[in-house]
file structure.cif (mmCIF, N, CA and C atoms)
data_work
#
loop_
_atom_site.label_atom_id
_atom_site.label_comp_id
_atom_site.auth_asym_id
_atom_site.auth_seq_id
_atom_site.Cartn_x
_atom_site.Cartn_y
_atom_site.Cartn_z
N MET A 1 78.44 107.60 94.65
CA MET A 1 77.54 106.86 95.50
C MET A 1 78.35 105.83 96.30
N ALA A 2 78.10 105.76 97.59
CA ALA A 2 78.79 104.81 98.46
C ALA A 2 78.44 103.38 98.05
N LEU A 3 79.40 102.49 98.21
CA LEU A 3 79.17 101.07 97.90
C LEU A 3 78.51 100.38 99.09
N THR A 4 77.77 99.33 98.81
CA THR A 4 77.22 98.51 99.88
C THR A 4 78.35 97.73 100.53
N ARG A 5 78.09 97.14 101.67
CA ARG A 5 79.12 96.34 102.34
C ARG A 5 79.60 95.22 101.42
N GLU A 6 78.67 94.53 100.79
CA GLU A 6 79.03 93.43 99.90
C GLU A 6 79.88 93.94 98.73
N GLU A 7 79.50 95.06 98.13
CA GLU A 7 80.26 95.63 97.00
C GLU A 7 81.67 96.03 97.40
N ARG A 8 81.80 96.70 98.53
CA ARG A 8 83.13 97.17 98.94
C ARG A 8 84.03 96.01 99.32
N GLU A 9 83.48 94.98 99.99
CA GLU A 9 84.29 93.83 100.36
C GLU A 9 84.72 93.04 99.11
N LYS A 10 83.81 92.89 98.16
CA LYS A 10 84.14 92.20 96.92
C LYS A 10 85.22 92.98 96.15
N PHE A 11 85.10 94.29 96.10
CA PHE A 11 86.08 95.12 95.41
C PHE A 11 87.45 95.03 96.08
N LEU A 12 87.49 95.10 97.40
CA LEU A 12 88.77 94.99 98.12
C LEU A 12 89.39 93.61 97.92
N ALA A 13 88.58 92.59 97.74
CA ALA A 13 89.09 91.23 97.54
C ALA A 13 89.74 91.04 96.16
N GLU A 14 89.50 91.95 95.22
CA GLU A 14 90.15 91.88 93.91
C GLU A 14 91.63 92.25 94.04
N PRO A 15 92.48 91.77 93.13
CA PRO A 15 93.92 92.01 93.25
C PRO A 15 94.38 93.39 92.76
N HIS A 16 93.98 94.42 93.49
CA HIS A 16 94.46 95.77 93.20
C HIS A 16 95.77 95.99 93.94
N VAL A 17 96.64 96.81 93.40
CA VAL A 17 97.79 97.27 94.17
C VAL A 17 97.27 98.41 95.05
N ALA A 18 97.49 98.29 96.35
CA ALA A 18 96.94 99.26 97.29
C ALA A 18 97.92 100.39 97.56
N ALA A 19 97.37 101.54 97.90
CA ALA A 19 98.17 102.61 98.50
C ALA A 19 98.10 102.36 100.00
N PHE A 20 99.24 102.02 100.57
CA PHE A 20 99.37 101.74 102.00
C PHE A 20 99.75 103.04 102.70
N ALA A 21 99.13 103.33 103.83
CA ALA A 21 99.48 104.53 104.58
C ALA A 21 99.51 104.22 106.07
N VAL A 22 100.52 104.78 106.74
CA VAL A 22 100.66 104.63 108.19
C VAL A 22 101.23 105.93 108.74
N ASP A 23 100.87 106.23 109.96
CA ASP A 23 101.38 107.43 110.62
C ASP A 23 102.90 107.40 110.65
N ALA A 24 103.50 108.51 110.32
CA ALA A 24 104.96 108.63 110.36
C ALA A 24 105.35 109.39 111.62
N GLU A 25 106.63 109.53 111.83
CA GLU A 25 107.09 110.24 113.02
C GLU A 25 106.66 111.70 112.98
N ALA A 26 106.74 112.36 114.14
CA ALA A 26 106.32 113.76 114.27
C ALA A 26 107.00 114.63 113.22
N GLY A 27 106.22 115.53 112.65
CA GLY A 27 106.76 116.46 111.68
C GLY A 27 106.81 115.93 110.26
N ARG A 28 106.31 114.72 110.04
CA ARG A 28 106.32 114.13 108.69
C ARG A 28 104.91 113.75 108.30
N ALA A 29 104.68 113.76 107.00
CA ALA A 29 103.40 113.28 106.47
C ALA A 29 103.35 111.76 106.63
N PRO A 30 102.16 111.15 106.50
CA PRO A 30 102.09 109.69 106.61
C PRO A 30 102.99 109.01 105.58
N LEU A 31 103.55 107.88 105.97
CA LEU A 31 104.29 107.04 105.03
C LEU A 31 103.26 106.39 104.12
N THR A 32 103.38 106.62 102.82
CA THR A 32 102.42 106.11 101.84
C THR A 32 103.19 105.48 100.69
N VAL A 33 102.95 104.19 100.46
CA VAL A 33 103.64 103.46 99.40
C VAL A 33 102.70 102.44 98.78
N PRO A 34 102.97 102.00 97.54
CA PRO A 34 102.17 100.93 96.94
C PRO A 34 102.53 99.59 97.60
N ILE A 35 101.54 98.70 97.70
CA ILE A 35 101.80 97.41 98.34
C ILE A 35 100.80 96.36 97.84
N TRP A 36 101.28 95.12 97.78
CA TRP A 36 100.39 93.98 97.54
C TRP A 36 99.74 93.61 98.88
N TYR A 37 98.53 93.09 98.81
CA TYR A 37 97.81 92.68 100.01
C TYR A 37 96.93 91.49 99.70
N GLN A 38 96.39 90.88 100.73
CA GLN A 38 95.44 89.78 100.57
C GLN A 38 94.23 90.06 101.44
N TYR A 39 93.05 89.75 100.91
CA TYR A 39 91.80 89.96 101.65
C TYR A 39 90.73 89.03 101.12
N GLU A 40 89.94 88.49 102.03
CA GLU A 40 88.74 87.75 101.69
C GLU A 40 87.58 88.40 102.42
N PRO A 41 86.42 88.59 101.75
CA PRO A 41 85.29 89.27 102.38
C PRO A 41 84.99 88.74 103.78
N GLY A 42 84.82 89.69 104.71
CA GLY A 42 84.51 89.35 106.08
C GLY A 42 85.72 89.07 106.96
N GLY A 43 86.90 89.01 106.35
CA GLY A 43 88.10 88.66 107.11
C GLY A 43 89.00 89.85 107.37
N ASP A 44 90.22 89.53 107.78
CA ASP A 44 91.24 90.55 107.99
C ASP A 44 92.03 90.76 106.70
N VAL A 45 92.62 91.93 106.55
CA VAL A 45 93.54 92.24 105.47
C VAL A 45 94.93 91.86 105.96
N TRP A 46 95.76 91.29 105.06
CA TRP A 46 97.15 91.10 105.46
C TRP A 46 98.10 91.57 104.38
N ILE A 47 99.23 92.06 104.87
CA ILE A 47 100.32 92.50 104.00
C ILE A 47 101.59 91.78 104.43
N MET A 48 102.59 91.80 103.57
CA MET A 48 103.89 91.24 103.89
C MET A 48 104.92 92.35 103.71
N THR A 49 105.80 92.47 104.69
CA THR A 49 106.83 93.50 104.63
C THR A 49 108.07 93.03 105.38
N GLY A 50 109.16 93.73 105.19
CA GLY A 50 110.40 93.38 105.86
C GLY A 50 110.31 93.59 107.36
N LEU A 51 110.84 92.66 108.12
CA LEU A 51 110.84 92.76 109.57
C LEU A 51 111.45 94.09 110.03
N ASP A 52 112.54 94.50 109.40
CA ASP A 52 113.24 95.72 109.80
C ASP A 52 112.91 96.93 108.93
N SER A 53 111.89 96.83 108.11
CA SER A 53 111.54 97.92 107.19
C SER A 53 110.95 99.11 107.94
N ARG A 54 111.02 100.27 107.31
CA ARG A 54 110.38 101.46 107.88
C ARG A 54 108.88 101.24 108.02
N LYS A 55 108.27 100.57 107.04
CA LYS A 55 106.84 100.27 107.13
C LYS A 55 106.54 99.54 108.42
N ASN A 56 107.26 98.47 108.69
CA ASN A 56 106.99 97.67 109.88
C ASN A 56 107.28 98.46 111.16
N GLN A 57 108.31 99.27 111.16
CA GLN A 57 108.60 100.11 112.33
C GLN A 57 107.45 101.07 112.61
N ARG A 58 106.93 101.69 111.55
CA ARG A 58 105.83 102.64 111.72
C ARG A 58 104.53 101.93 112.11
N ILE A 59 104.29 100.74 111.55
CA ILE A 59 103.10 99.96 111.92
C ILE A 59 103.15 99.63 113.41
N ARG A 60 104.32 99.16 113.87
CA ARG A 60 104.44 98.82 115.30
C ARG A 60 104.18 100.05 116.18
N ALA A 61 104.69 101.20 115.78
CA ALA A 61 104.51 102.42 116.57
C ALA A 61 103.05 102.89 116.56
N ALA A 62 102.40 102.82 115.40
CA ALA A 62 101.04 103.33 115.25
C ALA A 62 99.98 102.34 115.70
N GLY A 63 100.25 101.05 115.49
CA GLY A 63 99.27 100.04 115.85
C GLY A 63 98.12 99.89 114.88
N ARG A 64 98.21 100.61 113.76
CA ARG A 64 97.14 100.56 112.74
C ARG A 64 97.68 101.10 111.43
N PHE A 65 96.96 100.83 110.34
CA PHE A 65 97.32 101.37 109.04
C PHE A 65 96.09 101.39 108.16
N SER A 66 96.23 101.96 106.98
CA SER A 66 95.12 101.98 106.03
C SER A 66 95.60 101.55 104.66
N LEU A 67 94.65 101.09 103.87
CA LEU A 67 94.86 100.75 102.47
C LEU A 67 93.79 101.44 101.64
N MET A 68 94.15 101.87 100.44
CA MET A 68 93.19 102.43 99.52
C MET A 68 93.44 101.80 98.16
N VAL A 69 92.37 101.29 97.55
CA VAL A 69 92.46 100.72 96.21
C VAL A 69 91.46 101.43 95.31
N ASP A 70 91.80 101.52 94.02
CA ASP A 70 90.90 102.20 93.11
C ASP A 70 91.01 101.61 91.71
N ARG A 71 90.10 102.03 90.87
CA ARG A 71 90.12 101.69 89.45
C ARG A 71 89.48 102.83 88.69
N LEU A 72 89.73 102.87 87.39
CA LEU A 72 89.15 103.90 86.54
C LEU A 72 88.12 103.37 85.56
N GLU A 73 88.15 102.06 85.31
CA GLU A 73 87.21 101.46 84.34
C GLU A 73 86.66 100.16 84.90
N PRO A 74 85.43 99.80 84.62
CA PRO A 74 84.48 100.48 83.73
C PRO A 74 83.86 101.71 84.37
N THR A 75 84.01 101.86 85.70
CA THR A 75 83.58 103.08 86.38
C THR A 75 84.68 103.49 87.34
N ILE A 76 84.65 104.72 87.77
CA ILE A 76 85.61 105.21 88.75
C ILE A 76 85.14 104.75 90.13
N ARG A 77 85.94 103.92 90.77
CA ARG A 77 85.54 103.32 92.04
C ARG A 77 86.74 103.25 92.97
N TYR A 78 86.50 103.44 94.25
CA TYR A 78 87.56 103.26 95.23
C TYR A 78 87.01 102.72 96.54
N VAL A 79 87.90 102.08 97.29
CA VAL A 79 87.61 101.62 98.63
C VAL A 79 88.83 101.93 99.49
N SER A 80 88.59 102.53 100.64
CA SER A 80 89.64 102.77 101.62
C SER A 80 89.22 102.07 102.90
N VAL A 81 90.17 101.39 103.52
CA VAL A 81 89.89 100.67 104.75
C VAL A 81 91.00 100.96 105.74
N GLU A 82 90.62 101.09 107.00
CA GLU A 82 91.57 101.42 108.06
C GLU A 82 91.20 100.62 109.30
N GLY A 83 92.24 100.20 110.03
CA GLY A 83 91.94 99.47 111.25
C GLY A 83 93.18 99.11 112.03
N PRO A 84 92.95 98.45 113.18
CA PRO A 84 94.05 98.09 114.06
C PRO A 84 94.78 96.83 113.59
N VAL A 85 96.05 96.78 113.92
CA VAL A 85 96.83 95.57 113.69
C VAL A 85 96.37 94.54 114.72
N VAL A 86 96.06 93.34 114.26
CA VAL A 86 95.60 92.29 115.18
C VAL A 86 96.61 91.15 115.32
N ASP A 87 97.62 91.11 114.45
CA ASP A 87 98.60 90.04 114.54
C ASP A 87 99.78 90.35 113.62
N THR A 88 100.95 89.97 114.06
CA THR A 88 102.16 90.04 113.24
C THR A 88 102.90 88.73 113.46
N VAL A 89 103.16 88.01 112.36
CA VAL A 89 103.82 86.71 112.44
C VAL A 89 104.90 86.62 111.37
N PRO A 90 105.88 85.74 111.56
CA PRO A 90 106.88 85.55 110.51
C PRO A 90 106.21 85.09 109.21
N ALA A 91 106.69 85.61 108.10
CA ALA A 91 106.17 85.19 106.79
C ALA A 91 106.71 83.81 106.45
N THR A 92 105.97 83.10 105.64
CA THR A 92 106.39 81.78 105.18
C THR A 92 106.49 81.79 103.66
N GLU A 93 107.20 80.82 103.12
CA GLU A 93 107.26 80.70 101.67
C GLU A 93 105.86 80.46 101.10
N GLU A 94 105.04 79.70 101.81
CA GLU A 94 103.67 79.43 101.35
C GLU A 94 102.87 80.73 101.21
N LYS A 95 102.97 81.63 102.19
CA LYS A 95 102.24 82.91 102.12
C LYS A 95 102.83 83.82 101.05
N LEU A 96 104.15 83.79 100.89
CA LEU A 96 104.79 84.56 99.82
C LEU A 96 104.29 84.08 98.46
N ARG A 97 104.18 82.78 98.30
CA ARG A 97 103.68 82.21 97.06
C ARG A 97 102.21 82.60 96.83
N GLU A 98 101.40 82.55 97.87
CA GLU A 98 99.99 82.93 97.77
C GLU A 98 99.85 84.39 97.32
N LEU A 99 100.60 85.27 97.96
CA LEU A 99 100.52 86.69 97.61
C LEU A 99 101.03 86.94 96.19
N SER A 100 102.13 86.30 95.83
CA SER A 100 102.71 86.47 94.50
C SER A 100 101.75 85.98 93.42
N ALA A 101 101.09 84.86 93.66
CA ALA A 101 100.16 84.29 92.69
C ALA A 101 98.93 85.18 92.50
N ARG A 102 98.62 85.98 93.47
CA ARG A 102 97.49 86.91 93.36
C ARG A 102 97.78 88.02 92.35
N TYR A 103 99.06 88.38 92.19
CA TYR A 103 99.43 89.53 91.36
C TYR A 103 100.19 89.19 90.09
N LEU A 104 100.83 88.05 90.05
CA LEU A 104 101.69 87.72 88.92
C LEU A 104 101.11 86.59 88.07
N PRO A 105 101.44 86.55 86.78
CA PRO A 105 101.05 85.40 85.96
C PRO A 105 101.69 84.12 86.53
N ALA A 106 101.01 83.01 86.40
CA ALA A 106 101.46 81.74 86.98
C ALA A 106 102.90 81.41 86.62
N GLU A 107 103.30 81.69 85.40
CA GLU A 107 104.66 81.34 84.96
C GLU A 107 105.74 82.23 85.59
N LYS A 108 105.36 83.31 86.25
CA LYS A 108 106.33 84.22 86.88
C LYS A 108 106.47 83.99 88.39
N VAL A 109 105.56 83.24 88.99
CA VAL A 109 105.53 83.10 90.45
C VAL A 109 106.79 82.44 91.00
N ASP A 110 107.20 81.30 90.44
CA ASP A 110 108.38 80.60 90.97
C ASP A 110 109.61 81.48 90.93
N GLY A 111 109.84 82.17 89.84
CA GLY A 111 111.00 83.04 89.73
C GLY A 111 110.96 84.18 90.72
N TYR A 112 109.79 84.78 90.89
CA TYR A 112 109.67 85.89 91.84
C TYR A 112 109.89 85.39 93.27
N VAL A 113 109.29 84.26 93.62
CA VAL A 113 109.44 83.72 94.97
C VAL A 113 110.91 83.43 95.26
N ALA A 114 111.60 82.82 94.32
CA ALA A 114 113.03 82.54 94.51
C ALA A 114 113.81 83.83 94.70
N PHE A 115 113.52 84.85 93.88
CA PHE A 115 114.19 86.15 94.01
C PHE A 115 113.91 86.77 95.38
N ALA A 116 112.64 86.79 95.78
CA ALA A 116 112.26 87.42 97.04
C ALA A 116 112.91 86.72 98.24
N LEU A 117 112.92 85.39 98.22
CA LEU A 117 113.54 84.65 99.32
C LEU A 117 115.03 84.93 99.41
N ALA A 118 115.68 85.12 98.28
CA ALA A 118 117.12 85.36 98.25
C ALA A 118 117.49 86.81 98.56
N ASN A 119 116.57 87.75 98.31
CA ASN A 119 116.96 89.17 98.35
C ASN A 119 116.20 90.07 99.32
N HIS A 120 115.04 89.67 99.79
CA HIS A 120 114.22 90.58 100.59
C HIS A 120 114.46 90.50 102.09
N GLY A 121 115.25 89.56 102.55
CA GLY A 121 115.49 89.45 103.98
C GLY A 121 114.29 88.90 104.73
N GLU A 122 114.37 88.96 106.04
CA GLU A 122 113.30 88.40 106.87
C GLU A 122 112.03 89.23 106.70
N GLN A 123 110.92 88.54 106.45
CA GLN A 123 109.64 89.18 106.20
C GLN A 123 108.64 88.80 107.30
N VAL A 124 107.65 89.67 107.49
CA VAL A 124 106.57 89.39 108.42
C VAL A 124 105.23 89.61 107.72
N ILE A 125 104.22 88.96 108.24
CA ILE A 125 102.84 89.18 107.80
C ILE A 125 102.16 89.99 108.89
N VAL A 126 101.54 91.09 108.48
CA VAL A 126 100.84 91.96 109.41
C VAL A 126 99.36 91.91 109.04
N ARG A 127 98.54 91.54 110.02
CA ARG A 127 97.09 91.46 109.80
C ARG A 127 96.40 92.67 110.41
N MET A 128 95.47 93.23 109.64
CA MET A 128 94.70 94.39 110.08
C MET A 128 93.22 94.05 110.01
N ARG A 129 92.49 94.37 111.06
CA ARG A 129 91.04 94.16 111.07
C ARG A 129 90.36 95.41 110.54
N PRO A 130 89.67 95.32 109.40
CA PRO A 130 88.98 96.50 108.86
C PRO A 130 87.96 97.05 109.86
N GLU A 131 88.11 98.31 110.18
CA GLU A 131 87.26 98.95 111.18
C GLU A 131 86.47 100.10 110.56
N ARG A 132 87.12 100.87 109.71
CA ARG A 132 86.47 102.01 109.07
C ARG A 132 86.63 101.89 107.56
N TRP A 133 85.53 102.10 106.86
CA TRP A 133 85.51 101.99 105.41
C TRP A 133 85.04 103.31 104.80
N VAL A 134 85.65 103.68 103.68
CA VAL A 134 85.16 104.78 102.86
C VAL A 134 85.17 104.23 101.43
N SER A 135 84.04 104.39 100.74
CA SER A 135 83.98 103.83 99.39
C SER A 135 83.05 104.67 98.52
N SER A 136 83.27 104.57 97.23
CA SER A 136 82.41 105.28 96.30
C SER A 136 82.55 104.72 94.91
N ASP A 137 81.49 104.80 94.16
CA ASP A 137 81.52 104.56 92.72
C ASP A 137 81.01 105.84 92.08
N LEU A 138 81.89 106.52 91.37
CA LEU A 138 81.54 107.79 90.75
C LEU A 138 80.98 107.65 89.35
N GLY A 139 80.76 106.42 88.94
CA GLY A 139 80.21 106.20 87.61
C GLY A 139 81.26 106.46 86.54
N THR A 140 80.81 106.95 85.41
CA THR A 140 81.72 107.20 84.27
C THR A 140 81.96 108.69 84.09
N VAL A 141 82.15 109.38 85.18
CA VAL A 141 82.37 110.84 85.17
C VAL A 141 83.36 111.22 84.09
#
call {"tool": "encode", "arguments": {"input": "structure.cif", "output": "structure tokens"}}
result
Amino acid sequence: MALTREEREKFLAEPHVAAFAVDAEAGRAPLTVPIWYQYEPGGDVWIMTGLDSRKNQRIRAAGRFSLMVDRLEPTIRYVSVEGPVVDTVPATEEKLRELSARYLPAEKVDGYVAFALANHGEQVIVRMRPERWVSSDLGTV
């Protein structure tokens, strides 16, 4: 059964690791990788990635991407969202900390942020406006 707008937005706002997908170059399947993201109901989705990463190169070329999140318990549920890129800006330590705190225990955030700042290179935040949604709750099949 499809989720209501409120249900799907609330589900996407939970800290799931998303399957990120973007159009790849001719002759290749879409680039699909796991990614952390941030979302608040009614707003844009944002991700953080390397300025020179393949993800960012493909996002710039395609102008859009999709995310899919799911769970298996207490029911089988998923939400997929796709839309255009509306902004790309340099990442900040504050945004890195926000994203890290969404996924990691509080005691791990400082260490991860220090590691990421030292090792991940220049990062950008890419914002996507949700335009198309696909969602379902399959119950306890």
call {"tool": "resolve_selection", "arguments": {"input": "structure.cif", "expression": "the PyMOL selection byres (((chain A and resi 49 and name CA) around 12) and name CA)", "output": "PyMOL selection string"}}
result
chain A and resi 20+33-37+46-48+50-59+88-92+95-96+99+116+120-127
call {"tool": "residues_around", "arguments": {"input": "structure.cif", "residues": "Pro15 in chain A", "least_positions_apart": "4", "cutoff": "7 Å", "atoms": "all atoms listed in the file", "output": "PDB file with N, CA and C atoms, in the frame of the given file"}}
result
ATOM      1  N   PHE A  11      85.100  94.290  96.100  1.00  0.00           N
ATOM      2  CA  PHE A  11      86.080  95.120  95.410  1.00  0.00           C
ATOM      3  C   PHE A  11      87.450  95.030  96.080  1.00  0.00           C
ATOM      4  N   ARG A 102      98.620  85.980  93.470  1.00  0.00           N
ATOM      5  CA  ARG A 102      97.490  86.910  93.360  1.00  0.00           C
ATOM      6  C   ARG A 102      97.780  88.020  92.350  1.00  0.00           C
ATOM      7  N   TYR A 103      99.060  88.380  92.190  1.00  0.00           N
ATOM      8  CA  TYR A 103      99.430  89.530  91.360  1.00  0.00           C
ATOM      9  C   TYR A 103     100.190  89.190  90.090  1.00  0.00           C
TER      10      TYR A 103
END
call {"tool": "resolve_selection", "arguments": {"input": "structure.cif", "expression": "the PyMOL selection byres (((chain A and resi 40 and name CA) around 10) and name CA)", "output": "ChimeraX atom specification"}}
result
/A:9-10,12-14,38-39,41-46
call {"tool": "resolve_selection", "arguments": {"input": "structure.cif", "expression": "the PyMOL selection byres (((chain A and resi 3 and name CA) around 12) and name CA)", "output": "list in words"}}
result
Met1, Ala2, Thr4, Arg5, Glu6, Glu7, Arg8, Glu9, Lys10, Phe11, Leu12, Ile76, Arg77, Tyr78, Val79, Ser80, Trp133, Val134, Ser135, Ser136, Asp137, Leu138 and Gly139 of chain A
call {"tool": "closest_residue", "arguments": {"input": "structure.cif", "among": "A:Val141, A:Ala24, A:Ala101, A:Val81", "to": "Arg129 in chain A", "atoms": "only N, CA and C atoms"}}
result
A:Val81
call {"tool": "closest_residue", "arguments": {"input": "structure.cif", "among": "A:Glu107, A:Arg64, A:Leu31, A:Glu98", "to": "Glu82 in chain A", "atoms": "only N, CA and C atoms"}}
result
A:Arg64
call {"tool": "closest_residue", "arguments": {"input": "structure.cif", "among": "A:Asn119, A:Ser100, A:Thr75, A:Thr140", "to": "Val17 in chain A", "atoms": "only C-alpha atoms"}}
result
A:Ser100
call {"tool": "closest_residue", "arguments": {"input": "structure.cif", "among": "A:Val113, A:Ala61, A:Glu73, A:Pro84", "to": "Pro130 in chain A", "atoms": "only N, CA and C atoms"}}
result
A:Pro84
call {"tool": "atom_distance", "arguments": {"input": "structure.cif", "atom1": "CA of Met128 in chain A", "atom2": "CA of Ala21 in chain A"}}
result
12.5 Å
call {"tool": "select_by_dssp", "arguments": {"input": "structure.cif", "residues": "chain A", "states": "helix (DSSP H, G or I)", "output": "compact mmCIF listing (two decimals) with N, CA and C atoms, keeping the file's coordinate frame"}}
result
# COMPACT_ATOMS: atom_id res chain seq x y z
N ARG A 5 78.09 97.14 101.67
CA ARG A 5 79.12 96.34 102.34
C ARG A 5 79.60 95.22 101.42
N GLU A 6 78.67 94.53 100.79
CA GLU A 6 79.03 93.43 99.90
C GLU A 6 79.88 93.94 98.73
N GLU A 7 79.50 95.06 98.13
CA GLU A 7 80.26 95.63 97.00
C GLU A 7 81.67 96.03 97.40
N ARG A 8 81.80 96.70 98.53
CA ARG A 8 83.13 97.17 98.94
C ARG A 8 84.03 96.01 99.32
N GLU A 9 83.48 94.98 99.99
CA GLU A 9 84.29 93.83 100.36
C GLU A 9 84.72 93.04 99.11
N LYS A 10 83.81 92.89 98.16
CA LYS A 10 84.14 92.20 96.92
C LYS A 10 85.22 92.98 96.15
N PHE A 11 85.10 94.29 96.10
CA PHE A 11 86.08 95.12 95.41
C PHE A 11 87.45 95.03 96.08
N LEU A 12 87.49 95.10 97.40
CA LEU A 12 88.77 94.99 98.12
C LEU A 12 89.39 93.61 97.92
N ALA A 13 88.58 92.59 97.74
CA ALA A 13 89.09 91.23 97.54
C ALA A 13 89.74 91.04 96.16
N ARG A 54 111.02 100.27 107.31
CA ARG A 54 110.38 101.46 107.88
C ARG A 54 108.88 101.24 108.02
N LYS A 55 108.27 100.57 107.04
CA LYS A 55 106.84 100.27 107.13
C LYS A 55 106.54 99.54 108.42
N ASN A 56 107.26 98.47 108.69
CA ASN A 56 106.99 97.67 109.88
C ASN A 56 107.28 98.46 111.16
N GLN A 57 108.31 99.27 111.16
CA GLN A 57 108.60 100.11 112.33
C GLN A 57 107.45 101.07 112.61
N ARG A 58 106.93 101.69 111.55
CA ARG A 58 105.83 102.64 111.72
C ARG A 58 104.53 101.93 112.11
N ILE A 59 104.29 100.74 111.55
CA ILE A 59 103.10 99.96 111.92
C ILE A 59 103.15 99.63 113.41
N ARG A 60 104.32 99.16 113.87
CA ARG A 60 104.44 98.82 115.30
C ARG A 60 104.18 100.05 116.18
N ALA A 61 104.69 101.20 115.78
CA ALA A 61 104.51 102.42 116.57
C ALA A 61 103.05 102.89 116.56
N ALA A 62 102.40 102.82 115.40
CA ALA A 62 101.04 103.33 115.25
C ALA A 62 99.98 102.34 115.70
N GLU A 93 107.20 80.82 103.12
CA GLU A 93 107.26 80.70 101.67
C GLU A 93 105.86 80.46 101.10
N GLU A 94 105.04 79.70 101.81
CA GLU A 94 103.67 79.43 101.35
C GLU A 94 102.87 80.73 101.21
N LYS A 95 102.97 81.63 102.19
CA LYS A 95 102.24 82.91 102.12
C LYS A 95 102.83 83.82 101.05
N LEU A 96 104.15 83.79 100.89
CA LEU A 96 104.79 84.56 99.82
C LEU A 96 104.29 84.08 98.46
N ARG A 97 104.18 82.78 98.30
CA ARG A 97 103.68 82.21 97.06
C ARG A 97 102.21 82.60 96.83
N GLU A 98 101.40 82.55 97.87
CA GLU A 98 99.99 82.93 97.77
C GLU A 98 99.85 84.39 97.32
N LEU A 99 100.60 85.27 97.96
CA LEU A 99 100.52 86.69 97.61
C LEU A 99 101.03 86.94 96.19
N SER A 100 102.13 86.30 95.83
CA SER A 100 102.71 86.47 94.50
C SER A 100 101.75 85.98 93.42
N ALA A 101 101.09 84.86 93.66
CA ALA A 101 100.16 84.29 92.69
C ALA A 101 98.93 85.18 92.50
N ARG A 102 98.62 85.98 93.47
CA ARG A 102 97.49 86.91 93.36
C ARG A 102 97.78 88.02 92.35
N TYR A 103 99.06 88.38 92.19
CA TYR A 103 99.43 89.53 91.36
C TYR A 103 100.19 89.19 90.09
N ALA A 106 101.01 83.01 86.40
CA ALA A 106 101.46 81.74 86.98
C ALA A 106 102.90 81.41 86.62
N GLU A 107 103.30 81.69 85.40
CA GLU A 107 104.66 81.34 84.96
C GLU A 107 105.74 82.23 85.59
N LYS A 108 105.36 83.31 86.25
CA LYS A 108 106.33 84.22 86.88
C LYS A 108 106.47 83.99 88.39
N VAL A 109 105.56 83.24 88.99
CA VAL A 109 105.53 83.10 90.45
C VAL A 109 106.79 82.44 91.00
N ASP A 110 107.20 81.30 90.44
CA ASP A 110 108.38 80.60 90.97
C ASP A 110 109.61 81.48 90.93
N GLY A 111 109.84 82.17 89.84
CA GLY A 111 111.00 83.04 89.73
C GLY A 111 110.96 84.18 90.72
N TYR A 112 109.79 84.78 90.89
CA TYR A 112 109.67 85.89 91.84
C TYR A 112 109.89 85.39 93.27
N VAL A 113 109.29 84.26 93.62
CA VAL A 113 109.44 83.72 94.97
C VAL A 113 110.91 83.43 95.26
N ALA A 114 111.60 82.82 94.32
CA ALA A 114 113.03 82.54 94.51
C ALA A 114 113.81 83.83 94.70
N PHE A 115 113.52 84.85 93.88
CA PHE A 115 114.19 86.15 94.01
C PHE A 115 113.91 86.77 95.38
N ALA A 116 112.64 86.79 95.78
CA ALA A 116 112.26 87.42 97.04
C ALA A 116 112.91 86.72 98.24
N LEU A 117 112.92 85.39 98.22
CA LEU A 117 113.54 84.65 99.32
C LEU A 117 115.03 84.93 99.41
N ALA A 118 115.68 85.12 98.28
CA ALA A 118 117.12 85.36 98.25
C ALA A 118 117.49 86.81 98.56
N ASN A 119 116.57 87.75 98.31
CA ASN A 119 116.96 89.17 98.35
C ASN A 119 116.20 90.07 99.32
call {"tool": "atom_distance", "arguments": {"input": "structure.cif", "atom1": "CA of Arg132 in chain A", "atom2": "atom N of Glu25 in chain A"}}
result
21.7 Å
call {"tool": "select_by_dssp", "arguments": {"input": "structure.cif", "residues": "chain A", "states": "strand (DSSP E)", "output": "number ranges by chain"}}
result
A: 18-22, 31-35, 45-50, 64-71, 76-90, 123-128, 132-139
call {"tool": "atom_distance", "arguments": {"input": "structure.cif", "atom1": "atom N of Leu67 in chain A", "atom2": "atom N of Gly83 in chain A"}}
result
6.7 Å
